[in-house]
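Below is one structure, written out as structure tokens; comments come after it.
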Amino acid sequence: MKKFSDDQLKELKISQAVGEYFAWREIPLPTCVPKFKTPEGGEIVKGADFDFDRVRKICEHTLPALYHTQGRWAGRPLRPDPWQIAYIIAPVYGWLAPNENNDWVRIVRTEYVDIPRKNGKTTLAGGQAIIMLAADGEPGAQVFAAAAGKDQARYCFNPVKAIAEKSPALTKRLKTSVNRIVNVSPNSYGSFFAVVSSVADLLHGANVHSAIIDELHVHKSRDLVDALETGTGARDQPLIIIITTADDGRTDTIYNEKRTYCERLAKRLVEDPTFYGVVFGAPDECDPFSEESWALANPGLGTSPTLSFTWRRRTRWLSPAWRIACPSWWPDG
């Protein structure tokens with residue numbers, strides 16, 4: 001089995017356990033390193049263990065059983081890229097620790113991924129929604145997508161619905177309707193996935209197992225996010241999944257709160273093994289118009305986003321994510 005050196009893993013911000021998984025499965029190491037990455041839960045919690053087989057099943061069986069439903073990838077299995085495994089799937093789903101009942105459960109309760117547009121975040125969020133609904137072993141799982149409004153709700157729900165309808169492995173297990181996906185497997189006990197766009201949508205007594213919060217930066221209020229987070233108290237291993245692009249740098253938003261917390265954890269200013277996050281962005285001194293800088297900020301560059309897409313944006317006033325990534329380049333930076 002090939003082994004990677006400690007220096008290689010440190011440079012790429014990859015833990016020893018995740019590096020051993022990559023060596024075991026002979027996966028090439030990613031080349032795009034997150035600008036910020038929090039410590040992994042297993043690096044903090046005493047008695048934690050990394051479940052290699054759980055990660056293998058997710059990466060090689062569960063996700064590939066799902067199918068892309070849009071663009072040139074439509075109809076192909078959803079196979080995670082090395083950077084998605086190294087910086088999202090393995091750290092979140094691999095680290096376990098015993099709870100008060102001596103059951104081994106996930107350490108991470110909040111996953112935060114801050115990444116520029118067109119890097120496949122919505123597809124990854126949809127895949128994770130299916131995992132939490134149908135492959136997490138949670139009876140009666142209530143999985144929600146948090147939308148900032150009714151129009152945004154369709155953008156959250158429709159991709160997951162399409163995956164459920166177009167993946168042969170799911171058609172007998174999941175039944176879709178206009179606003180809900182229900183797991184009809186015998187031992188699922190009515191697990192479902194639905195979209196909520198207000199606290200009222202949750203009704204009283206929601207028992208949240210997981211929530212997908214796509215595009216946190218468009219949420220004008222923190223109320224819905226707070227309600228989802230506090231609704232997980234009765235679950236053994238809940239998971240709040242936040243996948244977002246950057247906003248325009250305002251300081252009074254729920255986005256800024258989560259982003260700042262992630263950065264403080266990454267800098268070891270505070271410690272919280274239940275919160276895991278990565279932020280992709282180029283160094284502050286970068287040239288945002290160079291292809292080298294694009295590669296530093298976009299882990300999926302060349303696949304999604306394509307080089308042609310990124311090149312078309314070269315003479316435009318770049319996205320808020322770039323304004324945050326390279327503040328010295330902007331008049332108001």
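We label chains A, B, ... in the order they appear in the structure tokens, count residues from 1 in each chain, and number ligands from 1 in the order shown.
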
Counting only C-alpha atoms, which residues of stretch 68-182 of chain A fall within 10 Å of stretch 258-264 of chain A, and what is the closest atom pair for each with its distance in Å at one decimal, ordered by chain and rising number, as CSV?
residue,atom,partner,partner_atom,distance
A:Glu111,CA,A:Cys262,CA,9.9
A:Tyr112,CA,A:Cys262,CA,7.7
A:Val113,CA,A:Arg259,CA,9.3
A:Asp114,CA,A:Arg259,CA,7.9

Save the residues we just selected, N, CA and C atoms, as a CSV table (one decimal), in the first residue's frame?
chain,number,residue,atom,x,y,z
A,111,GLU,N,-21.6,20.7,9.3
A,111,GLU,CA,-20.6,20.7,8.2
A,111,GLU,C,-20.8,22.0,7.4
A,112,TYR,N,-19.7,22.8,7.3
A,112,TYR,CA,-19.7,24.1,6.6
A,112,TYR,C,-18.7,24.1,5.5
A,113,VAL,N,-19.3,24.3,4.2
A,113,VAL,CA,-18.4,24.3,3.0
A,113,VAL,C,-18.7,25.6,2.3
A,114,ASP,N,-17.6,26.4,2.2
A,114,ASP,CA,-17.7,27.7,1.6
A,114,ASP,C,-16.8,27.7,0.3

For stretch 123-133 of chain A, find every residue with an atom within 6 Å (counting only C-alpha atoms), except residues of its own chain fewer than 3 positions away, and show them as an MDAnalysis selection string.
chainID A and resid 120 136 160

If you count only C-alpha atoms, which residues fall within 6 Å of A:Ser188, apart from same-chain ones fewer than 3 positions away, as JSON, numbers by chain?
{"A": [139, 140, 185, 191]}

Based on the selection just made, write N, CA and C atoms of those residues as a PDB file, in the first residue's frame.
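result_10.pdb, freshly written:
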ATOM      1  N   PRO A 139     -34.061   5.686  11.878  1.00  0.00           N
ATOM      2  CA  PRO A 139     -35.511   5.489  11.734  1.00  0.00           C
ATOM      3  C   PRO A 139     -36.259   6.821  11.860  1.00  0.00           C
ATOM      4  N   GLY A 140     -37.239   7.007  11.017  1.00  0.00           N
ATOM      5  CA  GLY A 140     -38.057   8.214  11.091  1.00  0.00           C
ATOM      6  C   GLY A 140     -37.268   9.496  10.874  1.00  0.00           C
ATOM      7  N   SER A 185     -39.120   2.302   2.540  1.00  0.00           N
ATOM      8  CA  SER A 185     -38.515   1.037   2.958  1.00  0.00           C
ATOM      9  C   SER A 185     -39.114   0.595   4.285  1.00  0.00           C
ATOM     10  N   SER A 191     -39.422   8.039   7.111  1.00  0.00           N
ATOM     11  CA  SER A 191     -38.401   9.073   6.885  1.00  0.00           C
ATOM     12  C   SER A 191     -38.771   9.899   5.656  1.00  0.00           C
TER      13      SER A 191
END

Mind listing the strand (DSSP E) residues of stretch 176-278 of chain A, per DSSP on the backbone, as a PDB file with C-alpha atoms, in the first residue's frame?
ATOM      1  CA  THR A 176     -41.654  11.583  -4.670  1.00  0.00           C
ATOM      2  CA  ARG A 180     -41.846  15.767  -0.422  1.00  0.00           C
ATOM      3  CA  ILE A 181     -39.717  12.642  -0.839  1.00  0.00           C
ATOM      4  CA  VAL A 182     -40.673   9.726   1.404  1.00  0.00           C
ATOM      5  CA  ASN A 183     -38.559   6.678   2.208  1.00  0.00           C
ATOM      6  CA  PHE A 192     -38.880  12.055   4.582  1.00  0.00           C
ATOM      7  CA  PHE A 193     -37.153  14.960   2.862  1.00  0.00           C
ATOM      8  CA  ALA A 194     -38.959  18.281   2.497  1.00  0.00           C
ATOM      9  CA  VAL A 195     -38.254  21.977   1.969  1.00  0.00           C
ATOM     10  CA  VAL A 196     -38.961  24.650   4.548  1.00  0.00           C
ATOM     11  CA  VAL A 208     -34.700  17.184  12.734  1.00  0.00           C
ATOM     12  CA  HIS A 209     -32.160  14.535  11.744  1.00  0.00           C
ATOM     13  CA  SER A 210     -30.510  16.625   9.051  1.00  0.00           C
ATOM     14  CA  ALA A 211     -30.868  19.915   7.233  1.00  0.00           C
ATOM     15  CA  ILE A 212     -29.339  21.051   3.950  1.00  0.00           C
ATOM     16  CA  ILE A 213     -28.748  24.805   3.960  1.00  0.00           C
ATOM     17  CA  ASP A 214     -27.751  25.711   0.416  1.00  0.00           C
ATOM     18  CA  LEU A 239     -26.001  16.709  10.761  1.00  0.00           C
ATOM     19  CA  ILE A 240     -26.596  20.281   9.644  1.00  0.00           C
ATOM     20  CA  ILE A 241     -25.030  20.702   6.187  1.00  0.00           C
ATOM     21  CA  ILE A 242     -24.213  24.248   5.070  1.00  0.00           C
ATOM     22  CA  ILE A 243     -22.900  24.601   1.522  1.00  0.00           C
ATOM     23  CA  THR A 244     -22.593  28.173   0.321  1.00  0.00           C
ATOM     24  CA  PHE A 275     -18.243  21.862  13.827  1.00  0.00           C
ATOM     25  CA  TYR A 276     -16.195  21.023  10.750  1.00  0.00           C
ATOM     26  CA  GLY A 277     -15.623  23.484   7.947  1.00  0.00           C
ATOM     27  CA  VAL A 278     -13.576  24.334   4.878  1.00  0.00           C
TER      28      VAL A 278
END

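Closest approach to A:Pro273 among A:Ile14, A:Val108, A:Ala48, A:Ile254 is made by A:Val108 (distances from only C-alpha atoms).
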
List the spatial neighbours of A:Trp104 as a list in words - criterion: any atom at most 12 Å away, only C-alpha atoms, same-chain residues fewer than 2 positions off excluded.
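Here the qualifying residues turn out to be Gly47, Ala48, Asp49, Phe50, Asp51, Tyr93, Gly94, Trp95, Leu96, Ala97, Pro98, Asn99, Glu100, Asn101, Asn102, Arg106, Ile107, Asp236 and Gln237 of chain A.
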
I need the residue nearest A:Leu78 from this list: A:Asn158, A:Ile44, A:Trp294, A:Ser167. Use only C-alpha atoms for the distance.
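Residue with the minimum atom-to-atom distance to A:Leu78: A:Ser167.
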
Taking only C-alpha atoms into account, name the residue in A:Val18, A:Ala148, A:Thr230, A:Arg154 that is nearest to A:Val218.
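Nearest candidate to A:Val218 out of A:Val18, A:Ala148, A:Thr230, A:Arg154: A:Ala148.
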